[in-house]
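Visitor: For reference, the file data.cif (mmCIF, C-alpha atoms; chains and numbers go by the auth columns) is included below:
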```cif
data_upload
#
loop_
_atom_site.group_PDB
_atom_site.id
_atom_site.type_symbol
_atom_site.label_atom_id
_atom_site.label_comp_id
_atom_site.label_asym_id
_atom_site.label_seq_id
_atom_site.Cartn_x
_atom_site.Cartn_y
_atom_site.Cartn_z
_atom_site.B_iso_or_equiv
_atom_site.auth_seq_id
_atom_site.auth_asym_id
ATOM 1 C CA MET A 1 0.000 0.000 0.000 0.00 233 A
ATOM 2 C CA ILE A 2 2.901 2.359 0.719 0.00 234 A
ATOM 3 C CA TRP A 3 4.278 1.890 -2.805 0.00 235 A
ATOM 4 C CA TRP A 4 0.826 2.634 -4.233 0.00 236 A
ATOM 5 C CA CYS A 5 0.602 5.886 -2.226 0.00 237 A
ATOM 6 C CA LYS A 6 4.015 6.940 -3.519 0.00 238 A
ATOM 7 C CA ALA A 7 3.308 5.886 -7.105 0.00 239 A
ATOM 8 C CA ARG A 8 -0.029 7.695 -7.117 0.00 240 A
ATOM 9 C CA ALA A 9 1.401 10.855 -5.548 0.00 241 A
ATOM 10 C CA VAL A 10 -1.089 10.679 -2.663 0.00 242 A
ATOM 11 C CA PRO A 11 0.971 13.019 -0.417 0.00 243 A
ATOM 12 C CA ALA A 12 1.030 15.620 -3.214 0.00 244 A
ATOM 13 C CA LEU A 13 -2.711 15.143 -3.738 0.00 245 A
ATOM 14 C CA LEU A 14 -3.450 15.691 -0.050 0.00 246 A
ATOM 15 C CA ALA A 15 -1.195 18.758 0.059 0.00 247 A
ATOM 16 C CA THR A 16 -2.929 20.160 -3.042 0.00 248 A
ATOM 17 C CA LEU A 17 -6.339 19.491 -1.541 0.00 249 A
ATOM 18 C CA ILE A 18 -5.457 21.279 1.709 0.00 250 A
ATOM 19 C CA ALA A 19 -3.867 24.186 -0.168 0.00 251 A
ATOM 20 C CA THR A 20 -6.878 24.497 -2.492 0.00 252 A
ATOM 21 C CA ILE A 21 -9.392 24.638 0.351 0.00 253 A
ATOM 22 C CA THR A 22 -7.241 27.039 2.379 0.00 254 A
ATOM 23 C CA LEU A 23 -6.625 29.322 -0.587 0.00 255 A
ATOM 24 C CA GLY A 24 -10.287 29.190 -1.579 0.00 256 A
ATOM 25 C CA LEU A 25 -11.400 30.236 1.877 0.00 257 A
ATOM 26 C CA LEU A 26 -8.765 32.998 2.059 0.00 258 A
ATOM 27 C CA ILE A 27 -9.610 34.415 -1.356 0.00 259 A
ATOM 28 C CA GLY A 28 -13.303 34.413 -0.570 0.00 260 A
ATOM 29 C CA ASP A 29 -15.787 35.508 -3.195 0.00 261 A
ATOM 30 C CA ALA A 30 -13.198 37.099 -5.473 0.00 262 A
ATOM 31 C CA LYS A 31 -14.583 37.313 -9.001 0.00 263 A
ATOM 32 C CA PHE A 32 -13.474 38.525 -12.348 0.00 264 A
ATOM 33 C CA PRO A 33 -15.729 39.398 -15.277 0.00 265 A
ATOM 34 C CA VAL A 34 -15.628 37.043 -18.228 0.00 266 A
ATOM 35 C CA PRO A 35 -16.772 37.976 -21.715 0.00 267 A
ATOM 36 C CA ALA A 36 -18.994 35.299 -23.213 0.00 268 A
ATOM 37 C CA LEU A 37 -19.042 33.969 -26.752 0.00 269 A
ATOM 38 C CA THR A 38 -22.765 33.281 -26.486 0.00 270 A
ATOM 39 C CA GLY A 39 -25.375 34.909 -24.282 0.00 271 A
ATOM 40 C CA ALA A 40 -24.390 37.544 -21.767 0.00 272 A
ATOM 41 C CA SER A 41 -21.148 37.854 -19.888 0.00 273 A
ATOM 42 C CA GLY A 42 -20.970 36.903 -16.242 0.00 274 A
ATOM 43 C CA ASP A 43 -18.720 36.787 -13.219 0.00 275 A
ATOM 44 C CA PHE A 44 -16.344 33.897 -12.689 0.00 276 A
ATOM 45 C CA LEU A 45 -15.369 32.994 -9.128 0.00 277 A
ATOM 46 C CA ILE A 46 -11.709 32.228 -8.609 0.00 278 A
ATOM 47 C CA GLY A 47 -13.027 29.227 -6.658 0.00 279 A
ATOM 48 C CA HIS A 48 -14.222 27.846 -9.988 0.00 280 A
ATOM 49 C CA LEU A 49 -10.616 27.543 -11.108 0.00 281 A
ATOM 50 C CA ILE A 50 -8.641 26.589 -8.020 0.00 282 A
ATOM 51 C CA THR A 51 -10.802 23.532 -7.326 0.00 283 A
ATOM 52 C CA LEU A 52 -9.436 22.152 -10.574 0.00 284 A
ATOM 53 C CA ALA A 53 -5.995 21.618 -8.980 0.00 285 A
ATOM 54 C CA PRO A 54 -6.766 18.470 -6.924 0.00 286 A
ATOM 55 C CA ALA A 55 -8.402 16.784 -9.930 0.00 287 A
ATOM 56 C CA ILE A 56 -5.354 17.525 -12.079 0.00 288 A
ATOM 57 C CA VAL A 57 -2.989 16.149 -9.424 0.00 289 A
ATOM 58 C CA LEU A 58 -5.278 13.100 -9.172 0.00 290 A
ATOM 59 C CA LEU A 59 -4.990 12.602 -12.935 0.00 291 A
ATOM 60 C CA TYR A 60 -1.227 12.983 -12.704 0.00 292 A
ATOM 61 C CA GLY A 61 -0.962 10.360 -9.984 0.00 293 A
ATOM 62 C CA THR A 62 -3.312 7.789 -11.461 0.00 294 A
ATOM 63 C CA SER A 63 -1.793 8.127 -14.919 0.00 295 A
ATOM 64 C CA ARG A 64 1.764 7.391 -13.838 0.00 296 A
ATOM 65 C CA GLY A 65 1.434 3.631 -14.209 0.00 297 A
ATOM 66 C CA ASP A 66 1.217 1.456 -17.288 0.00 298 A
ATOM 67 C CA LEU A 67 -2.448 0.637 -17.897 0.00 299 A
ATOM 68 C CA ALA A 68 -1.675 -2.564 -19.798 0.00 300 A
ATOM 69 C CA ILE A 69 0.437 -3.934 -16.943 0.00 301 A
ATOM 70 C CA GLU A 70 -1.814 -2.682 -14.165 0.00 302 A
ATOM 71 C CA THR A 71 -4.905 -4.214 -15.739 0.00 303 A
ATOM 72 C CA VAL A 72 -3.492 -7.707 -15.208 0.00 304 A
ATOM 73 C CA ALA A 73 -1.828 -7.002 -11.855 0.00 305 A
ATOM 74 C CA SER A 74 -2.749 -9.170 -8.895 0.00 306 A
ATOM 75 C CA ARG A 75 -3.619 -6.125 -6.804 0.00 307 A
ATOM 76 C CA PRO A 76 -6.836 -4.252 -7.648 0.00 308 A
ATOM 77 C CA LEU A 77 -5.076 -1.022 -8.656 0.00 309 A
ATOM 78 C CA ARG A 78 -7.959 0.322 -10.695 0.00 310 A
ATOM 79 C CA VAL A 79 -10.261 -0.159 -7.718 0.00 311 A
ATOM 80 C CA TRP A 80 -7.790 1.617 -5.428 0.00 312 A
ATOM 81 C CA ASP A 81 -7.396 4.500 -7.892 0.00 313 A
ATOM 82 C CA THR A 82 -11.155 4.860 -8.253 0.00 314 A
ATOM 83 C CA ALA A 83 -11.634 4.634 -4.485 0.00 315 A
ATOM 84 C CA LEU A 84 -9.083 7.420 -4.002 0.00 316 A
ATOM 85 C CA ALA A 85 -10.946 9.619 -6.468 0.00 317 A
ATOM 86 C CA GLY A 86 -14.242 8.646 -4.857 0.00 318 A
ATOM 87 C CA VAL A 87 -13.020 9.681 -1.413 0.00 319 A
ATOM 88 C CA ILE A 88 -11.912 13.072 -2.768 0.00 320 A
ATOM 89 C CA GLY A 89 -15.212 13.506 -4.612 0.00 321 A
ATOM 90 C CA LEU A 90 -17.326 12.423 -1.648 0.00 322 A
ATOM 91 C CA LEU A 91 -15.378 14.735 0.622 0.00 323 A
ATOM 92 C CA GLY A 92 -16.208 17.643 -1.673 0.00 324 A
ATOM 93 C CA LEU A 93 -19.831 16.584 -2.170 0.00 325 A
ATOM 94 C CA SER A 94 -20.492 16.045 1.531 0.00 326 A
ATOM 95 C CA THR A 95 -18.910 19.422 2.316 0.00 327 A
ATOM 96 C CA ALA A 96 -21.204 21.061 -0.238 0.00 328 A
ATOM 97 C CA VAL A 97 -24.323 19.305 1.069 0.00 329 A
ATOM 98 C CA ILE A 98 -23.568 20.047 4.735 0.00 330 A
ATOM 99 C CA SER A 99 -22.759 23.668 3.909 0.00 331 A
ATOM 100 C CA LEU A 100 -25.967 24.027 1.890 0.00 332 A
ATOM 101 C CA LEU A 101 -28.132 22.416 4.584 0.00 333 A
ATOM 102 C CA ALA A 102 -26.505 24.477 7.337 0.00 334 A
ATOM 103 C CA ASP A 103 -27.132 27.587 5.254 0.00 335 A
ATOM 104 C CA SER A 104 -23.550 28.607 5.908 0.00 336 A
ATOM 105 C CA ASP A 105 -21.047 30.348 3.702 0.00 337 A
ATOM 106 C CA GLY A 106 -21.891 29.857 0.037 0.00 338 A
ATOM 107 C CA LEU A 107 -18.214 29.738 -0.833 0.00 339 A
ATOM 108 C CA THR A 108 -17.789 26.447 1.032 0.00 340 A
ATOM 109 C CA THR A 109 -20.659 24.972 -0.964 0.00 341 A
ATOM 110 C CA VAL A 110 -19.138 26.107 -4.263 0.00 342 A
ATOM 111 C CA LEU A 111 -15.680 24.801 -3.348 0.00 343 A
ATOM 112 C CA GLY A 112 -17.038 21.409 -2.293 0.00 344 A
ATOM 113 C CA ARG A 113 -19.391 21.078 -5.257 0.00 345 A
ATOM 114 C CA ASN A 114 -16.773 22.019 -7.822 0.00 346 A
ATOM 115 C CA LEU A 115 -14.155 19.792 -6.213 0.00 347 A
ATOM 116 C CA ALA A 116 -16.545 16.833 -6.502 0.00 348 A
ATOM 117 C CA GLY A 117 -17.545 17.802 -10.037 0.00 349 A
ATOM 118 C CA TYR A 118 -14.011 18.125 -11.361 0.00 350 A
ATOM 119 C CA THR A 119 -13.098 14.815 -9.724 0.00 351 A
ATOM 120 C CA ALA A 120 -16.079 13.146 -11.401 0.00 352 A
ATOM 121 C CA LEU A 121 -15.086 14.591 -14.772 0.00 353 A
ATOM 122 C CA ALA A 122 -11.516 13.372 -14.257 0.00 354 A
ATOM 123 C CA LEU A 123 -12.891 9.864 -13.669 0.00 355 A
ATOM 124 C CA LEU A 124 -14.862 10.098 -16.914 0.00 356 A
ATOM 125 C CA LEU A 125 -12.091 11.583 -19.052 0.00 357 A
ATOM 126 C CA GLN A 126 -8.973 9.675 -17.974 0.00 358 A
ATOM 127 C CA PRO A 127 -9.956 6.188 -19.201 0.00 359 A
ATOM 128 C CA ILE A 128 -10.905 7.517 -22.637 0.00 360 A
ATOM 129 C CA LEU A 129 -8.328 10.216 -23.264 0.00 361 A
ATOM 130 C CA GLY A 130 -5.330 9.038 -21.265 0.00 362 A
ATOM 131 C CA ARG A 131 -2.914 11.104 -19.222 0.00 363 A
ATOM 132 C CA HIS A 132 -2.123 14.135 -21.359 0.00 364 A
ATOM 133 C CA LEU A 133 -5.395 14.646 -23.174 0.00 365 A
ATOM 134 C CA SER A 134 -7.564 14.195 -20.076 0.00 366 A
ATOM 135 C CA THR A 135 -5.602 16.833 -18.161 0.00 367 A
ATOM 136 C CA SER A 136 -5.923 19.292 -21.051 0.00 368 A
ATOM 137 C CA ALA A 137 -9.613 18.509 -21.524 0.00 369 A
ATOM 138 C CA LEU A 138 -10.318 18.916 -17.806 0.00 370 A
ATOM 139 C CA ALA A 139 -8.465 22.240 -17.696 0.00 371 A
ATOM 140 C CA GLY A 140 -10.500 23.432 -20.682 0.00 372 A
ATOM 141 C CA ILE A 141 -13.883 22.757 -19.078 0.00 373 A
ATOM 142 C CA PRO A 142 -14.056 25.912 -16.917 0.00 374 A
ATOM 143 C CA LEU A 143 -12.929 27.960 -19.910 0.00 375 A
ATOM 144 C CA ILE A 144 -15.676 26.476 -22.072 0.00 376 A
ATOM 145 C CA CYS A 145 -18.219 27.109 -19.329 0.00 377 A
ATOM 146 C CA ALA A 146 -17.026 30.688 -18.897 0.00 378 A
ATOM 147 C CA ALA A 147 -17.168 31.359 -22.637 0.00 379 A
ATOM 148 C CA THR A 148 -20.421 29.603 -23.549 0.00 380 A
ATOM 149 C CA GLY A 149 -22.245 28.851 -20.312 0.00 381 A
ATOM 150 C CA TRP A 150 -24.278 32.030 -19.935 0.00 382 A
ATOM 151 C CA VAL A 151 -27.801 32.732 -21.195 0.00 383 A
ATOM 152 C CA ARG A 152 -28.909 36.163 -22.368 0.00 384 A
ATOM 153 C CA ASN A 153 -29.991 37.409 -18.921 0.00 385 A
ATOM 154 C CA GLY A 154 -26.601 36.699 -17.331 0.00 386 A
ATOM 155 C CA GLN A 155 -27.707 33.482 -15.635 0.00 387 A
ATOM 156 C CA PRO A 156 -25.713 30.259 -16.154 0.00 388 A
ATOM 157 C CA GLU A 157 -26.943 27.545 -18.502 0.00 389 A
ATOM 158 C CA GLN A 158 -28.332 24.427 -16.807 0.00 390 A
ATOM 159 C CA TRP A 159 -25.397 22.283 -17.973 0.00 391 A
ATOM 160 C CA ALA A 160 -22.767 24.762 -16.734 0.00 392 A
ATOM 161 C CA TRP A 161 -22.907 23.630 -13.095 0.00 393 A
ATOM 162 C CA ILE A 162 -19.535 25.228 -12.406 0.00 394 A
ATOM 163 C CA LEU A 163 -21.035 28.696 -12.858 0.00 395 A
ATOM 164 C CA HIS A 164 -24.155 28.162 -10.741 0.00 396 A
ATOM 165 C CA PRO A 165 -24.486 29.997 -7.441 0.00 397 A
ATOM 166 C CA ALA A 166 -23.982 28.147 -4.179 0.00 398 A
ATOM 167 C CA ASP A 167 -27.696 27.656 -3.526 0.00 399 A
ATOM 168 C CA SER A 168 -28.320 25.946 -6.884 0.00 400 A
ATOM 169 C CA LEU A 169 -29.888 22.562 -6.186 0.00 401 A
ATOM 170 C CA PRO A 170 -29.789 21.461 -9.870 0.00 402 A
ATOM 171 C CA ALA A 171 -26.014 21.998 -9.956 0.00 403 A
ATOM 172 C CA LEU A 172 -25.536 19.987 -6.766 0.00 404 A
ATOM 173 C CA LEU A 173 -27.766 17.172 -8.069 0.00 405 A
ATOM 174 C CA LEU A 174 -25.886 17.097 -11.366 0.00 406 A
ATOM 175 C CA VAL A 175 -22.566 16.741 -9.548 0.00 407 A
ATOM 176 C CA ALA A 176 -24.084 14.111 -7.238 0.00 408 A
ATOM 177 C CA ALA A 177 -25.066 12.111 -10.338 0.00 409 A
ATOM 178 C CA LEU A 178 -21.728 12.670 -12.097 0.00 410 A
ATOM 179 C CA LEU A 179 -19.611 11.254 -9.264 0.00 411 A
ATOM 180 C CA PRO A 180 -21.032 7.700 -9.145 0.00 412 A
ATOM 181 C CA ALA A 181 -21.260 7.692 -12.943 0.00 413 A
ATOM 182 C CA GLY A 182 -17.578 8.600 -13.170 0.00 414 A
ATOM 183 C CA MET A 183 -16.618 5.957 -10.626 0.00 415 A
ATOM 184 C CA ALA A 184 -18.609 3.261 -12.434 0.00 416 A
ATOM 185 C CA PHE A 185 -17.150 4.294 -15.775 0.00 417 A
ATOM 186 C CA ALA A 186 -13.580 4.285 -14.473 0.00 418 A
ATOM 187 C CA LEU A 187 -14.054 0.779 -13.101 0.00 419 A
ATOM 188 C CA THR A 188 -15.675 -0.711 -16.197 0.00 420 A
ATOM 189 C CA TRP A 189 -13.878 0.935 -19.158 0.00 421 A
ATOM 190 C CA ASN A 190 -11.636 -1.730 -20.706 0.00 422 A
ATOM 191 C CA ARG A 191 -10.370 -0.145 -23.919 0.00 423 A
ATOM 192 C CA PRO A 192 -6.987 1.569 -24.149 0.00 424 A
ATOM 193 C CA PRO A 193 -7.074 5.366 -24.046 0.00 425 A
ATOM 194 C CA LEU A 194 -6.680 7.472 -27.152 0.00 426 A
ATOM 195 C CA THR A 195 -3.108 8.362 -27.948 0.00 427 A
ATOM 196 C CA ILE A 196 -1.479 11.136 -29.908 0.00 428 A
ATOM 197 C CA GLN A 197 1.827 10.460 -31.612 0.00 429 A
ATOM 198 C CA GLY A 198 4.647 11.807 -29.484 0.00 430 A
ATOM 199 C CA LEU A 199 2.747 12.032 -26.172 0.00 431 A
#
```
Step by step, read the file and then write its structure as structure tokens.
Guide:
Amino acid sequence: MIWWCKARAVPALLATLIATITLGLLIGDAKFPVPALTGASGDFLIGHLITLAPAIVLLYGTSRGDLAIETVASRPLRVWDTALAGVIGLLGLSTAVISLLADSDGLTTVLGRNLAGYTALALLLQPILGRHLSTSALAGIPLICAATGWVRNGQPEQWAWILHPADSLPALLLVAALLPAGMAFALTWNRPPLTIQGL
């Protein structure tokens, strides 16, 4: 188990998670305006971006091994990797739910929800796209949401859960559905990821 923690960069993941939450709480509700390609422009919380960091470190750690070798390994590495992601996602989701139910700081809800959502998306993207492409695709998601996720009245589109305010129940339900779907997909996908020559 110790070798798995080292190979999967678990200490770096935990440090990134702690730093992300601390930084998110220190920054607060800092926003910057984002011009939109469609609809109206809106404000983008810095918390929408920093919660991406743990998911990217998770992708880095779980992509360090050789999928072909690990698939036939005697230890259930894929299960361990998915469980690690699930713990991170459930930590974020439970934080968001408790914060929402306690009617506390909306920032905590956004940080938890987006942490769980990015983790779920990482679980969906990594088996298909592999190490490099999944990290790039995941990093592009908040940019796509910021550019195209606003309707004409300045409200976020239903699918752009990242942009929804803290009290948005549809966004929380979407993330709650994405996490188990991502975990199930990561455990059952058996095809090799897409590759690009030279990566």
Visitor: Determine the nearest neighbour of Leu323 in chain A from the options A:Ala371, A:Ala244, A:Ile250, A:Val289, counting all atoms listed in the file.
Guide: A:Ile250
Visitor: Out of A:Leu281, A:Ala354, A:Ala348, A:Met415, which residue has the shortest atom-to-atom distance to Ala403 in chain A when counting only C-alpha atoms?
Guide: A:Ala348
Visitor: Could you check the closest approach to Ala241 in chain A for each of A:Ala369, A:Ile259, A:Leu347, A:Leu290 and tell me which residue wins, using only C-alpha atoms?
Guide: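 For Ala241 in chain A, the nearest of the given residues is A:Leu290.
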Visitor: Quick one, how far is CA of Ala328 in chain A from CA of Leu258 in chain A?
Guide: 17.4 Å
Visitor: Restricting the calculation to all atoms listed in the file, which member of A:Gly318, A:Gly293, A:Pro374, A:Pro397 is positioned closest to Val242 in chain A?
Guide: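 Distance minimum relative to Val242 in chain A lands on A:Gly293.
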Visitor: List the neighbours of range 390-393 of chain A out to 9 Å using only C-alpha atoms; skip same-chain residues closer than 3 positions along the sequence, and give me the result as a list in words.
Guide: Arg345, Asn346, Gly349, Pro374, Cys377, Ala378, Thr380, Gly381, Trp382, His396, Pro397, Ser400, Pro402, Ala403, Leu404, Leu406 and Val407 of chain A
Visitor: How many Å lie between CA of Tyr350 in chain A and CA of Leu284 in chain A, rounded to one decimal?
Guide: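 If I compute the distance from CA of Tyr350 in chain A to CA of Leu284 in chain A, I get 6.1 Å.
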Visitor: State, in Å with one decimal place, the distance from CA of His280 in chain A to CA of Arg363 in chain A.
Guide: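 Computing it gives 22.2 Å between the two atoms.
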Visitor: Within 9 Å of (-16.3, 34.9, -1.0) (file coordinates; all atoms listed in the file), which protein or nucleic acid residues are there? I'd like them as JSON, numbers by chain.
Guide: {"A": [256, 257, 258, 259, 260, 261, 262, 263, 277, 279, 337, 338, 339, 340]}
Visitor: Just checking: using only C-alpha atoms, which residue out of A:Thr283, A:Thr248, A:Ser366, A:Thr254 ends up closest to Val342 in chain A?
Guide: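 Selected residue with least distance to Val342 in chain A: A:Thr283.
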Visitor: Pick the closest to Leu245 in chain A from A:Val311, A:Ile278, A:Leu365, A:Ala317: which is it, counting all atoms listed in the file?
Guide: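 The shortest atom-to-atom distance to Leu245 in chain A comes from A:Ala317.
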Visitor: Within 9 Å of Asp335 in chain A, counting only C-alpha atoms, which residues qualify if same-chain residues fewer than 4 places away don't, as a list in words?
Guide: Ile330, Ser331 and Asp399 of chain A
Visitor: Please evaluate the PyMOL selection byres ((chain A and resi 414) around 8) against the structure above and give the resulting residues as an NGL selection string.
Guide: :A and (352-356 or 410-413 or 415-418)
Visitor: Output C-alpha atoms for every residue in that selection, as a PDB file, in the coordinates of the input.
Guide:
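Full text of part_5.pdb as output:
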```pdb
ATOM      1  CA  ALA A 352     -16.079  13.146 -11.401  1.00  0.00           C
ATOM      2  CA  LEU A 353     -15.086  14.591 -14.772  1.00  0.00           C
ATOM      3  CA  ALA A 354     -11.516  13.372 -14.257  1.00  0.00           C
ATOM      4  CA  LEU A 355     -12.891   9.864 -13.669  1.00  0.00           C
ATOM      5  CA  LEU A 356     -14.862  10.098 -16.914  1.00  0.00           C
ATOM      6  CA  LEU A 410     -21.728  12.670 -12.097  1.00  0.00           C
ATOM      7  CA  LEU A 411     -19.611  11.254  -9.264  1.00  0.00           C
ATOM      8  CA  PRO A 412     -21.032   7.700  -9.145  1.00  0.00           C
ATOM      9  CA  ALA A 413     -21.260   7.692 -12.943  1.00  0.00           C
ATOM     10  CA  MET A 415     -16.618   5.957 -10.626  1.00  0.00           C
ATOM     11  CA  ALA A 416     -18.609   3.261 -12.434  1.00  0.00           C
ATOM     12  CA  PHE A 417     -17.150   4.294 -15.775  1.00  0.00           C
ATOM     13  CA  ALA A 418     -13.580   4.285 -14.473  1.00  0.00           C
TER      14      ALA A 418
END
```
